[in-house]
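Engineer: Sharing final.txt, compact mmCIF, C-alpha atoms and all ligand atoms:
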```txt
# COMPACT_ATOMS: atom_id res chain seq x y z
CA MET A 1 10.23 27.94 10.54
CA SER A 2 7.98 30.35 8.70
CA LYS A 3 5.52 27.78 7.40
CA LYS A 4 4.11 25.49 10.07
CA MET A 5 4.42 21.82 9.15
CA LYS A 6 1.23 19.77 9.32
CA LEU A 7 1.50 17.40 12.28
CA HIS A 8 -0.12 13.98 12.43
CA ASN A 9 -0.73 13.05 16.05
CA PHE A 10 -0.34 9.29 16.53
CA ASN A 11 0.27 9.59 20.27
CA SER A 12 -0.89 6.65 22.38
CA GLY A 13 -2.31 8.81 25.17
CA PRO A 14 -2.99 11.53 25.94
CA SER A 15 -3.83 11.59 22.30
CA ILE A 16 -5.62 13.23 19.43
CA LEU A 17 -8.99 14.90 19.97
CA PRO A 18 -11.38 16.24 17.32
CA PRO A 19 -10.48 19.86 16.39
CA SER A 20 -14.04 20.99 17.09
CA VAL A 21 -13.76 19.58 20.64
CA LEU A 22 -10.57 21.56 21.21
CA GLU A 23 -12.20 24.75 19.92
CA LYS A 24 -15.24 24.37 22.16
CA ALA A 25 -13.09 23.48 25.16
CA ALA A 26 -10.93 26.55 24.53
CA ALA A 27 -14.01 28.79 24.25
CA ALA A 28 -15.41 27.37 27.51
CA ILE A 29 -12.22 28.32 29.32
CA LEU A 30 -12.90 31.95 28.48
CA ASP A 31 -16.68 32.00 28.82
CA PHE A 32 -18.71 28.93 29.67
CA GLU A 33 -22.06 28.98 27.87
CA GLY A 34 -22.45 32.74 28.13
CA SER A 35 -22.23 32.67 31.92
CA GLY A 36 -19.42 35.23 31.94
CA LEU A 37 -17.33 32.72 33.92
CA SER A 38 -14.69 30.26 32.82
CA ILE A 39 -15.50 26.55 33.14
CA LEU A 40 -12.42 26.55 35.38
CA GLU A 41 -14.16 28.96 37.73
CA ILE A 42 -17.66 27.55 38.14
CA GLY A 43 -18.79 25.62 41.19
CA HIS A 44 -19.29 21.91 40.76
CA ARG A 45 -22.60 22.09 42.60
CA THR A 46 -24.08 24.70 40.29
CA ALA A 47 -26.89 24.05 37.82
CA LEU A 48 -24.41 24.87 35.04
CA PHE A 49 -22.17 21.97 35.93
CA GLN A 50 -25.00 19.62 36.89
CA GLN A 51 -26.19 19.88 33.28
CA VAL A 52 -22.74 18.82 32.08
CA MET A 53 -22.71 15.82 34.40
CA ASP A 54 -26.26 14.77 33.56
CA GLU A 55 -25.72 15.00 29.81
CA ALA A 56 -22.40 13.14 30.04
CA VAL A 57 -24.04 10.29 31.99
CA GLN A 58 -27.01 10.15 29.60
CA SER A 59 -24.71 10.19 26.56
CA VAL A 60 -22.71 7.26 27.87
CA LYS A 61 -25.90 5.32 28.61
CA SER A 62 -27.29 6.04 25.20
CA LEU A 63 -24.08 5.13 23.33
CA MET A 64 -23.80 1.92 25.35
CA GLN A 65 -27.53 1.19 25.18
CA ILE A 66 -27.59 0.33 28.86
CA GLY A 67 -30.48 0.80 31.24
CA ASP A 68 -31.05 1.89 34.81
CA ASP A 69 -29.48 -1.27 36.19
CA TYR A 70 -26.16 0.47 35.42
CA GLU A 71 -24.58 3.57 36.96
CA VAL A 72 -22.09 5.84 35.22
CA LEU A 73 -19.45 7.53 37.37
CA PHE A 74 -16.77 10.09 36.52
CA LEU A 75 -13.94 9.74 39.02
CA HIS A 76 -10.41 10.91 39.66
CA GLY A 77 -7.31 8.79 39.48
CA GLY A 78 -7.00 7.36 35.99
CA ALA A 79 -7.36 3.73 35.06
CA THR A 80 -4.50 2.81 37.38
CA THR A 81 -6.65 3.67 40.39
CA GLN A 82 -9.26 1.22 39.10
CA PHE A 83 -6.69 -1.57 39.26
CA MET A 84 -7.12 -1.38 43.06
CA GLN A 85 -10.60 0.13 43.35
CA VAL A 86 -12.22 -2.73 41.45
CA PRO A 87 -10.98 -5.53 43.74
CA MET A 88 -11.41 -3.33 46.82
CA ASN A 89 -15.12 -3.07 46.02
CA LEU A 90 -15.79 -6.49 44.50
CA LEU A 91 -13.42 -9.05 45.96
CA ASP A 92 -13.49 -10.28 49.54
CA THR A 93 -10.28 -11.48 51.16
CA HIS A 94 -11.07 -15.17 50.83
CA GLU A 95 -12.61 -14.96 47.38
CA THR A 96 -11.01 -15.52 44.00
CA ALA A 97 -11.08 -13.34 40.89
CA ALA A 98 -9.93 -14.49 37.46
CA TYR A 99 -7.59 -12.29 35.45
CA CYS A 100 -6.21 -12.37 31.92
CA ASP A 101 -2.56 -11.44 31.61
CA ASN A 102 -2.27 -10.18 28.03
CA GLY A 103 -0.03 -7.20 28.50
CA ILE A 104 1.49 -4.57 30.71
CA TRP A 105 -1.79 -3.04 31.89
CA GLY A 106 -3.54 -6.29 32.72
CA ASN A 107 -0.42 -7.38 34.54
CA LYS A 108 -0.52 -4.28 36.71
CA ALA A 109 -4.19 -4.95 37.48
CA ILE A 110 -3.29 -8.47 38.64
CA LYS A 111 -0.66 -7.18 41.06
CA GLU A 112 -3.13 -4.77 42.64
CA ALA A 113 -5.92 -7.34 42.91
CA ALA A 114 -3.58 -9.64 44.83
CA HIS A 115 -3.64 -7.10 47.69
CA PHE A 116 -7.33 -7.80 48.21
CA GLY A 117 -8.02 -11.46 47.51
CA ASN A 118 -6.95 -14.49 45.53
CA VAL A 119 -6.10 -14.05 41.88
CA GLN A 120 -6.38 -16.87 39.36
CA VAL A 121 -4.46 -15.96 36.20
CA VAL A 122 -6.45 -17.84 33.56
CA THR A 123 -4.40 -16.92 30.55
CA ASP A 124 -0.91 -15.53 30.23
CA SER A 125 0.59 -14.51 26.90
CA THR A 126 4.02 -13.59 28.29
CA GLY A 127 5.44 -16.64 26.52
CA ASN A 128 4.60 -15.28 23.08
CA LYS A 129 5.51 -11.71 24.09
CA HIS A 130 1.82 -10.81 24.10
CA THR A 131 1.51 -11.13 20.34
CA ARG A 132 -1.58 -13.34 20.66
CA ILE A 133 -4.62 -13.56 22.86
CA ASP A 134 -5.35 -17.10 23.95
CA LYS A 135 -9.13 -17.40 24.14
CA ASP A 136 -9.26 -21.02 25.12
CA PHE A 137 -9.18 -21.15 28.91
CA GLU A 138 -11.26 -22.23 31.85
CA VAL A 139 -12.55 -19.91 34.52
CA ASP A 140 -13.47 -21.28 37.91
CA PRO A 141 -17.27 -20.81 38.00
CA ALA A 142 -16.91 -19.65 41.59
CA ALA A 143 -14.67 -16.75 40.54
CA LYS A 144 -16.15 -13.42 41.57
CA TYR A 145 -15.41 -11.90 38.16
CA LEU A 146 -13.13 -12.16 35.13
CA HIS A 147 -10.97 -9.10 34.47
CA PHE A 148 -9.47 -8.42 31.04
CA THR A 149 -8.09 -5.52 29.01
CA THR A 150 -10.17 -5.18 25.85
CA ASN A 151 -7.35 -3.46 23.97
CA ASN A 152 -3.69 -3.87 24.86
CA THR A 153 -2.44 -0.38 24.13
CA VAL A 154 1.24 -1.22 24.40
CA GLU A 155 1.32 -4.60 22.63
CA GLY A 156 -1.27 -3.87 19.92
CA THR A 157 -3.69 -6.74 20.52
CA GLN A 158 -7.44 -6.48 20.97
CA TRP A 159 -10.26 -8.79 21.97
CA HIS A 160 -12.65 -8.96 19.02
CA ASN A 161 -15.05 -11.29 20.80
CA LEU A 162 -15.96 -11.60 24.45
CA PRO A 163 -14.28 -14.25 26.61
CA ASN A 164 -16.36 -17.36 26.85
CA THR A 165 -17.41 -17.50 30.49
CA SER A 166 -20.45 -17.18 32.69
CA VAL A 167 -18.75 -15.24 35.49
CA PRO A 168 -19.30 -11.44 35.59
CA LEU A 169 -17.05 -9.56 33.18
CA VAL A 170 -14.93 -6.62 34.31
CA ALA A 171 -13.03 -4.79 31.60
CA ASP A 172 -10.40 -2.11 31.29
CA MET A 173 -11.49 -0.35 28.08
CA SER A 174 -9.15 2.62 28.43
CA SER A 175 -7.80 2.49 24.89
CA ASP A 176 -10.79 1.30 22.89
CA ILE A 177 -13.81 2.70 24.68
CA PHE A 178 -16.41 3.72 22.05
CA TYR A 179 -14.27 2.56 19.12
CA ALA A 180 -17.21 0.48 17.85
CA PRO A 181 -20.56 -0.87 19.04
CA ARG A 182 -20.20 -3.55 21.68
CA ASN A 183 -22.64 -5.53 23.72
CA PHE A 184 -22.01 -3.44 26.81
CA ASN A 185 -24.86 -5.18 28.61
CA GLN A 186 -22.65 -8.25 28.88
CA PHE A 187 -20.32 -6.45 31.29
CA SER A 188 -20.70 -6.00 35.02
CA LEU A 189 -18.09 -3.26 35.28
CA ILE A 190 -16.28 -1.20 32.65
CA TYR A 191 -13.65 1.43 33.31
CA ALA A 192 -11.64 3.71 31.08
CA GLY A 193 -9.23 6.56 31.59
CA ALA A 194 -10.54 9.32 29.33
CA GLN A 195 -7.29 10.44 27.76
CA LYS A 196 -7.11 7.90 24.95
CA ASN A 197 -10.42 7.75 23.19
CA MET A 198 -12.83 10.01 25.03
CA GLY A 199 -11.29 13.18 26.33
CA ALA A 200 -8.59 14.79 28.40
CA ALA A 201 -6.46 13.29 31.15
CA GLY A 202 -7.76 13.63 34.70
CA VAL A 203 -10.99 11.67 34.64
CA ASN A 204 -11.88 8.05 34.68
CA MET A 205 -15.23 6.68 33.61
CA VAL A 206 -16.67 3.74 35.54
CA VAL A 207 -19.83 2.00 34.37
CA VAL A 208 -21.08 -0.48 36.92
CA LYS A 209 -24.03 -2.81 37.22
CA LYS A 210 -25.50 -2.04 40.61
CA GLU A 211 -26.29 -5.65 41.49
CA ILE A 212 -22.60 -6.57 41.86
CA LEU A 213 -21.97 -3.96 44.56
CA GLY A 214 -22.38 -4.25 48.31
CA LYS A 215 -21.53 -7.94 48.47
CA ILE A 216 -18.32 -7.92 50.48
CA SER A 217 -17.51 -7.55 54.16
CA ARG A 218 -14.48 -5.25 53.80
CA LYS A 219 -14.78 -1.68 55.05
CA ILE A 220 -14.08 0.56 52.07
CA PRO A 221 -12.58 4.05 52.51
CA THR A 222 -15.26 6.57 51.56
CA ILE A 223 -13.52 8.00 48.50
CA MET A 224 -12.92 4.48 47.13
CA ASP A 225 -16.49 3.25 47.60
CA TYR A 226 -18.49 3.01 44.34
CA GLN A 227 -21.79 2.91 46.22
CA LYS A 228 -21.01 6.20 47.96
CA HIS A 229 -20.04 7.79 44.64
CA ILE A 230 -23.31 6.57 43.15
CA ALA A 231 -25.27 8.02 46.07
CA ALA A 232 -23.49 11.34 45.53
CA GLY A 233 -23.93 11.37 41.75
CA SER A 234 -20.13 11.54 41.20
CA LEU A 235 -20.12 14.69 43.36
CA MET A 236 -18.82 13.31 46.64
CA ASN A 237 -15.96 15.75 46.39
CA THR A 238 -14.90 18.18 43.67
CA PRO A 239 -14.85 16.20 40.43
CA PRO A 240 -12.45 16.97 37.57
CA VAL A 241 -14.86 19.54 36.13
CA PHE A 242 -12.94 20.51 33.01
CA ALA A 243 -11.93 16.96 32.10
CA ILE A 244 -15.55 15.83 32.41
CA TYR A 245 -16.59 18.68 30.13
CA VAL A 246 -14.03 17.65 27.50
CA SER A 247 -15.41 14.10 27.71
CA LEU A 248 -18.91 15.46 27.18
CA LEU A 249 -17.76 17.39 24.11
CA THR A 250 -16.16 14.21 22.73
CA LEU A 251 -19.29 12.16 23.44
CA ARG A 252 -21.39 14.77 21.62
CA TRP A 253 -18.94 14.65 18.72
CA ILE A 254 -19.24 10.84 18.48
CA MET A 255 -23.03 11.11 18.34
CA GLU A 256 -23.03 13.96 15.82
CA GLU A 257 -20.67 12.03 13.56
CA GLY A 258 -23.00 9.03 13.47
CA GLY A 259 -22.38 7.11 16.68
CA LEU A 260 -20.44 3.94 17.35
CA SER A 261 -21.19 2.21 14.05
CA GLU A 262 -19.70 5.17 12.18
CA MET A 263 -16.64 5.03 14.49
CA GLN A 264 -16.31 1.35 13.63
CA LEU A 265 -16.45 2.05 9.88
CA ARG A 266 -13.75 4.69 10.17
CA ASN A 267 -11.53 2.68 12.49
CA THR A 268 -11.83 -0.38 10.27
CA ALA A 269 -10.89 1.63 7.17
CA LYS A 270 -7.86 3.19 8.86
CA SER A 271 -6.53 0.00 10.41
CA ASN A 272 -7.15 -2.07 7.26
CA LEU A 273 -5.14 0.41 5.23
CA LEU A 274 -2.28 0.46 7.71
CA TYR A 275 -2.05 -3.32 8.19
CA GLN A 276 -2.33 -3.93 4.44
CA THR A 277 0.54 -1.53 3.92
CA ILE A 278 2.68 -3.24 6.57
CA ASP A 279 1.92 -6.68 5.10
CA SER A 280 2.72 -5.52 1.57
CA LEU A 281 6.14 -4.09 2.39
CA PRO A 282 8.82 -6.63 3.28
CA VAL A 283 10.82 -3.98 5.13
CA PHE A 284 8.17 -4.03 7.87
CA GLU A 285 6.88 -6.81 10.03
CA ALA A 286 3.79 -7.08 12.24
CA ARG A 287 4.20 -9.81 14.82
CA VAL A 288 0.73 -9.74 16.34
CA ALA A 289 -1.52 -12.61 15.22
CA LYS A 290 -3.78 -11.29 12.45
CA GLU A 291 -7.01 -12.20 14.23
CA ASP A 292 -5.94 -10.29 17.35
CA ARG A 293 -4.68 -7.10 15.71
CA SER A 294 -5.82 -3.92 17.40
CA LEU A 295 -7.84 -1.36 15.45
CA MET A 296 -6.54 1.31 17.79
CA ASN A 297 -2.80 0.68 18.22
CA ALA A 298 -0.80 -1.00 15.47
CA VAL A 299 2.55 -2.30 16.69
CA PHE A 300 5.13 -3.34 14.12
CA PHE A 301 8.85 -3.61 13.51
CA LEU A 302 11.54 -3.02 10.95
CA LYS A 303 12.65 -6.47 9.87
CA ASP A 304 16.19 -5.16 9.88
CA GLN A 305 16.33 -3.54 13.30
CA SER A 306 19.25 -1.34 12.28
CA LEU A 307 16.79 0.60 10.08
CA GLU A 308 14.51 1.48 12.99
CA GLU A 309 16.27 4.66 13.94
CA SER A 310 16.31 6.05 10.43
CA PHE A 311 12.61 5.24 9.94
CA LEU A 312 11.71 6.92 13.21
CA SER A 313 13.75 9.99 12.40
CA LEU A 314 12.10 10.21 8.97
CA CYS A 315 8.73 10.09 10.74
CA LYS A 316 9.79 12.90 13.04
CA GLN A 317 11.04 14.97 10.12
CA GLU A 318 7.69 14.53 8.34
CA GLY A 319 5.57 15.53 11.34
CA MET A 320 4.46 12.04 12.41
CA ILE A 321 4.15 12.40 16.18
CA GLY A 322 4.32 9.62 18.77
CA VAL A 323 5.11 6.59 16.58
CA LYS A 324 8.01 5.19 18.57
CA GLY A 325 7.07 1.87 20.19
CA TYR A 326 6.67 1.57 23.95
CA ARG A 327 10.02 1.35 25.72
CA THR A 328 9.68 -2.32 26.70
CA VAL A 329 8.45 -3.37 23.24
CA GLY A 330 10.43 -1.24 20.81
CA GLY A 331 9.61 -0.94 17.12
CA VAL A 332 6.84 1.33 15.88
CA ARG A 333 3.39 1.97 17.35
CA VAL A 334 0.77 3.89 15.43
CA SER A 335 -2.29 4.84 17.46
CA MET A 336 -5.42 5.53 15.43
CA TYR A 337 -8.09 6.59 17.89
CA ASN A 338 -11.56 7.80 16.88
CA ALA A 339 -10.43 11.37 16.21
CA MET A 340 -7.63 10.30 13.85
CA PRO A 341 -8.60 11.11 10.25
CA LEU A 342 -8.07 8.55 7.49
CA SER A 343 -5.99 11.16 5.65
CA SER A 344 -3.30 11.03 8.35
CA VAL A 345 -3.07 7.25 8.07
CA GLU A 346 -2.86 7.62 4.29
CA THR A 347 -0.01 10.09 4.64
CA PHE A 348 1.76 7.75 7.04
CA CYS A 349 1.35 4.80 4.65
CA GLU A 350 2.81 6.88 1.80
CA LEU A 351 5.81 7.58 3.99
CA MET A 352 6.21 3.86 4.71
CA LYS A 353 6.14 3.11 0.97
CA HIS A 354 8.66 5.83 0.30
CA PHE A 355 10.96 4.42 2.99
CA ALA A 356 10.50 0.87 1.68
CA SER A 357 11.41 1.93 -1.85
CA LYS A 358 14.72 3.28 -0.55
CA HIS A 359 15.52 0.33 1.68
CA GLY A 360 13.74 -2.57 -0.02
C1 LIG A 401 -3.15 4.05 29.51
C2 LIG A 401 -3.78 2.84 30.07
C3 LIG A 401 -3.91 2.66 31.46
C4 LIG A 401 -3.36 3.63 32.47
O1 LIG A 401 -4.15 4.76 32.52
P1 LIG A 401 -3.86 5.94 33.56
O2 LIG A 401 -5.04 6.82 33.32
O3 LIG A 401 -2.56 6.54 33.18
O4 LIG A 401 -3.84 5.37 34.91
C5 LIG A 401 -4.56 1.52 31.90
N1 LIG A 401 -5.05 0.62 31.04
C6 LIG A 401 -4.94 0.76 29.70
C7 LIG A 401 -5.50 -0.27 28.79
C8 LIG A 401 -4.30 1.88 29.18
O5 LIG A 401 -4.19 2.02 27.85
```
Turn the structure described in the file into structure tokens.
Structural biologist:
Amino acid sequence: MSKKMKLHNFNSGPSILPPSVLEKAAAAILDFEGSGLSILEIGHRTALFQQVMDEAVQSVKSLMQIGDDYEVLFLHGGATTQFMQVPMNLLDTHETAAYCDNGIWGNKAIKEAAHFGNVQVVTDSTGNKHTRIDKDFEVDPAAKYLHFTTNNTVEGTQWHNLPNTSVPLVADMSSDIFYAPRNFNQFSLIYAGAQKNMGAAGVNMVVVKKEILGKISRKIPTIMDYQKHIAAGSLMNTPPVFAIYVSLLTLRWIMEEGGLSEMQLRNTAKSNLLYQTIDSLPVFEARVAKEDRSLMNAVFFLKDQSLEESFLSLCKQEGMIGVKGYRTVGGVRVSMYNAMPLSSVETFCELMKHFASKHG
């Protein structure tokens, strides 16, 4: 190929990052801030890296509008590690935690929590194939916390309001962190793997309200203990230096672009356009309840399943990357994270219309 085709990266994660973030990350690999060293070569206990860590923590606090009652950690292990680290730190053996089962990730979190205490599954959308989020449920007031996944990456549903409960909220925000303003002060613990909406794979952000820690009798292995990470300022051992730097670059980008309300405007415009296009073309079908549709990951189907393969191969041919649905769900999944420009969604919608005109 002599002329490079323009690619539209709809990957679900790792996923699209702003071009300016990639350029700055690439430059830092060769020479980090004029130090003459690569960011891959600097010590994590140097002033150079401490500035990165401090600014990243401050940026998160400022975007979330949270105060000093919260701590921000950057840890290894991805969101999957948090499935066990959360109950290990918060849930004593004889205590109960409430969990929402609205998709594959929440379900994995439930299985891990069961290793540490009692789990009360308060809502389970398996019966409707996770196409709806049931918000009408009771949580035992004695439950230590309620865990839920704010955005179900695989199934394409999203919580647009907080669950109605007085127990502390713990949320996996891996795929919609910073997609819009939220009342972050309502949460006791938030975690997110960076590779969907805030950076590169290899780092996990944990935001925790200090008052919920230190209340269990279990002995916690040092590397798993939030309080020890807080005491060490996320520098207990070597942190994922480069991944944290890419997160910082993305956080700076969000702020330069206008912050979370601007992200919300953009994400609303993109997802409105895509869902309107799906709804207007009888060839396609979105099964998720309208009120629960995700602004980040739109999951939909070809009404005639035998057309799926030809639609997906047309997408591939036209440079639409990563739109095949998750293996257990099938269909099409279009991920539209913060860095995704409206123009790519427009191009994708044109392709859908073109396909519909041939197969309508
Ligand atoms: C991708 C994802 C995970 C898993 O993240 P890892 O970093 O791969 O462990 C967990 N929860 C949600 C909501 C996700 O989208």
Engineer: What are the closest atom pairs, with distances in Å to one decimal, for each residue of segment 242-300 of chain A lying within 8 Å of segment 21-26 of chain A, using all atoms listed in the file, rows by chain and rising residue number, as JSON lines?
Structural biologist:
```
{"residue": "A:Tyr245", "atom": "CA", "partner": "A:Ala25", "partner_atom": "CA", "distance": 7.7}
{"residue": "A:Val246", "atom": "CA", "partner": "A:Ala25", "partner_atom": "CA", "distance": 6.4}
{"residue": "A:Leu249", "atom": "CA", "partner": "A:Val21", "partner_atom": "CA", "distance": 5.7}
{"residue": "A:Thr250", "atom": "CA", "partner": "A:Val21", "partner_atom": "CA", "distance": 6.2}
{"residue": "A:Trp253", "atom": "CA", "partner": "A:Val21", "partner_atom": "CA", "distance": 7.4}
```
Engineer: Take the residues from that selection and write them out as a short mmCIF file (atom, residue, chain, number, x, y, z; two decimals), in the coordinates of the input, keeping C-alpha atoms.
Structural biologist:
```cif
data_model
loop_
_atom_site.label_atom_id
_atom_site.label_comp_id
_atom_site.auth_asym_id
_atom_site.auth_seq_id
_atom_site.Cartn_x
_atom_site.Cartn_y
_atom_site.Cartn_z
CA TYR A 245 -16.59 18.68 30.13
CA VAL A 246 -14.03 17.65 27.50
CA LEU A 249 -17.76 17.39 24.11
CA THR A 250 -16.16 14.21 22.73
CA TRP A 253 -18.94 14.65 18.72
#
```
Engineer: Taking all atoms listed in the file into account, report as a VMD selection string which residues have an atom no farther than 6 Å from an atom of ligand LIG 401 (chain A).
Structural biologist: chain A and resid 78 to 80 105 149 152 to 153 172 174 to 175 193
Engineer: Interatomic distance between atom CA of Val170 of chain A and atom CA of Tyr99 of chain A?
Structural biologist: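 One can read the atom CA of Val170 of chain A to atom CA of Tyr99 of chain A distance as 9.3 Å.
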Engineer: Name all residues at most 10 Å from Pro341 of chain A (count all atoms listed in the file; drop same-chain ones fewer than 6 positions away) and give them as a VMD selection string.
Structural biologist: chain A and resid 8 to 9 16 18 266 to 267 270
Engineer: Select, from A:Met84, A:Phe284, A:Ala289, A:Leu248, the residue with the minimum atom-to-atom distance to Gln58 of chain A, counting all atoms listed in the file.
Structural biologist: A:Leu248
Engineer: One number please: atom CA of Thr157 of chain A to atom CA of Leu281 of chain A, in Å, one decimal.
Structural biologist: 20.8 Å
Engineer: Quick one: pull the distance between atom CA of Phe184 of chain A and atom CA of Thr126 of chain A, Å, one decimal.
Structural biologist: 28.0 Å
Engineer: Using only C-alpha atoms, pick whichever of A:Tyr179, A:Leu189, A:Glu112, A:Phe311 has the shortest atom-to-atom distance to Lys358 of chain A.
Structural biologist: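 Looking at the shortest contact to Lys358 of chain A, the residue is A:Phe311.
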Engineer: Might I get the box with edges along x, y and z of the file that holds all atoms of segment 323-337 of chain A listed there, padded by 8 Å on every side, given as centre and edge lengths in Å to one decimal, as JSON?
Structural biologist:
```
{"center_x": 1.2, "center_y": 1.6, "center_z": 21.1, "size_x": 34.5, "size_y": 26.0, "size_z": 27.3}
```
Engineer: Kindly indicate which residue among A:Gly67, A:Pro87, A:Pro163, A:Pro282 lies nearest to Lys209 of chain A, using all atoms listed in the file for the distances.
Structural biologist: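 Among the listed residues, the smallest separation from Lys209 of chain A belongs to A:Gly67.
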Engineer: Name all residues at most 10 Å from Leu30 of chain A (count only C-alpha atoms; drop same-chain ones fewer than 6 positions away) and give them as JSON, numbers by chain.
Structural biologist: {"A": [36, 37, 38, 39, 40, 41]}
Engineer: What lies within 10 Å of Ala201 of chain A using all atoms listed in the file, ignoring chain neighbours under 2 positions off, as a list in words?
Structural biologist: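 The residues satisfying every condition are Gly13, Pro14, Ser15, His76, Gly77, Gly78, Gly193, Ala194, Gln195, Lys196, Met198, Gly199, Val203, Asn204, Pro240, Phe242, Ala243, Ile244, Val246 and Ser247 of chain A.
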Engineer: Using only C-alpha atoms, which residue out of A:Met88, A:Met205, A:Val52, A:Met296 lies closest to Pro221 of chain A?
Structural biologist: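 Looking at the shortest contact to Pro221 of chain A, the residue is A:Met88.
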Engineer: Which one is closest to Gly319 of chain A: A:His359, A:Lys4, A:Lys61, A:His147? Count all atoms listed in the file.
Structural biologist: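 Of all the options, A:Lys4 lies closest to Gly319 of chain A.
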Engineer: So, with all atoms listed in the file as the atoms that count, which of A:Thr268, A:Gln65, A:Ser310, A:Ser234 lies closest to Val332 of chain A?
Structural biologist: A:Ser310
Engineer: Where atoms are missing, can you supply N, CA and C atoms for segment 177-196 of chain A and output the lot as a CSV table (one decimal), in the coordinates of the input?
Structural biologist:
```
chain,number,residue,atom,x,y,z
A,177,ILE,N,-12.4,2.4,24.3
A,177,ILE,CA,-13.8,2.7,24.7
A,177,ILE,C,-14.5,3.4,23.5
A,178,PHE,N,-15.6,3.1,23.1
A,178,PHE,CA,-16.4,3.7,22.0
A,178,PHE,C,-15.7,3.7,20.7
A,179,TYR,N,-14.9,2.7,20.5
A,179,TYR,CA,-14.3,2.6,19.1
A,179,TYR,C,-15.2,1.9,18.1
A,180,ALA,N,-16.3,1.2,18.7
A,180,ALA,CA,-17.2,0.5,17.8
A,180,ALA,C,-18.4,0.1,18.8
A,181,PRO,N,-19.5,-0.3,18.2
A,181,PRO,CA,-20.6,-0.9,19.0
A,181,PRO,C,-20.1,-2.1,19.7
A,182,ARG,N,-20.5,-2.3,20.9
A,182,ARG,CA,-20.2,-3.6,21.7
A,182,ARG,C,-21.4,-3.9,22.5
A,183,ASN,N,-21.5,-5.2,22.9
A,183,ASN,CA,-22.6,-5.5,23.7
A,183,ASN,C,-22.3,-5.2,25.2
A,184,PHE,N,-22.4,-3.9,25.5
A,184,PHE,CA,-22.0,-3.4,26.8
A,184,PHE,C,-22.8,-4.1,27.9
A,185,ASN,N,-24.0,-4.5,27.6
A,185,ASN,CA,-24.9,-5.2,28.6
A,185,ASN,C,-24.3,-6.5,29.1
A,186,GLN,N,-23.3,-7.0,28.4
A,186,GLN,CA,-22.6,-8.2,28.9
A,186,GLN,C,-21.6,-8.0,30.0
A,187,PHE,N,-21.4,-6.8,30.3
A,187,PHE,CA,-20.3,-6.4,31.3
A,187,PHE,C,-20.9,-6.1,32.6
A,188,SER,N,-20.2,-6.4,33.7
A,188,SER,CA,-20.7,-6.0,35.0
A,188,SER,C,-20.0,-4.7,35.4
A,189,LEU,N,-18.8,-4.5,35.0
A,189,LEU,CA,-18.1,-3.3,35.3
A,189,LEU,C,-17.1,-2.9,34.1
A,190,ILE,N,-17.2,-1.7,33.7
A,190,ILE,CA,-16.3,-1.2,32.6
A,190,ILE,C,-15.6,0.0,33.2
A,191,TYR,N,-14.3,0.2,33.0
A,191,TYR,CA,-13.6,1.4,33.3
A,191,TYR,C,-12.7,1.9,32.2
A,192,ALA,N,-12.5,3.2,32.1
A,192,ALA,CA,-11.6,3.7,31.1
A,192,ALA,C,-11.1,5.1,31.5
A,193,GLY,N,-9.8,5.2,31.5
A,193,GLY,CA,-9.2,6.6,31.6
A,193,GLY,C,-9.6,7.3,30.3
A,194,ALA,N,-10.0,8.6,30.5
A,194,ALA,CA,-10.5,9.3,29.3
A,194,ALA,C,-9.5,9.7,28.3
A,195,GLN,N,-8.3,9.7,28.6
A,195,GLN,CA,-7.3,10.4,27.8
A,195,GLN,C,-6.9,9.7,26.5
A,196,LYS,N,-7.4,8.5,26.2
A,196,LYS,CA,-7.1,7.9,25.0
A,196,LYS,C,-8.2,8.1,23.9
```
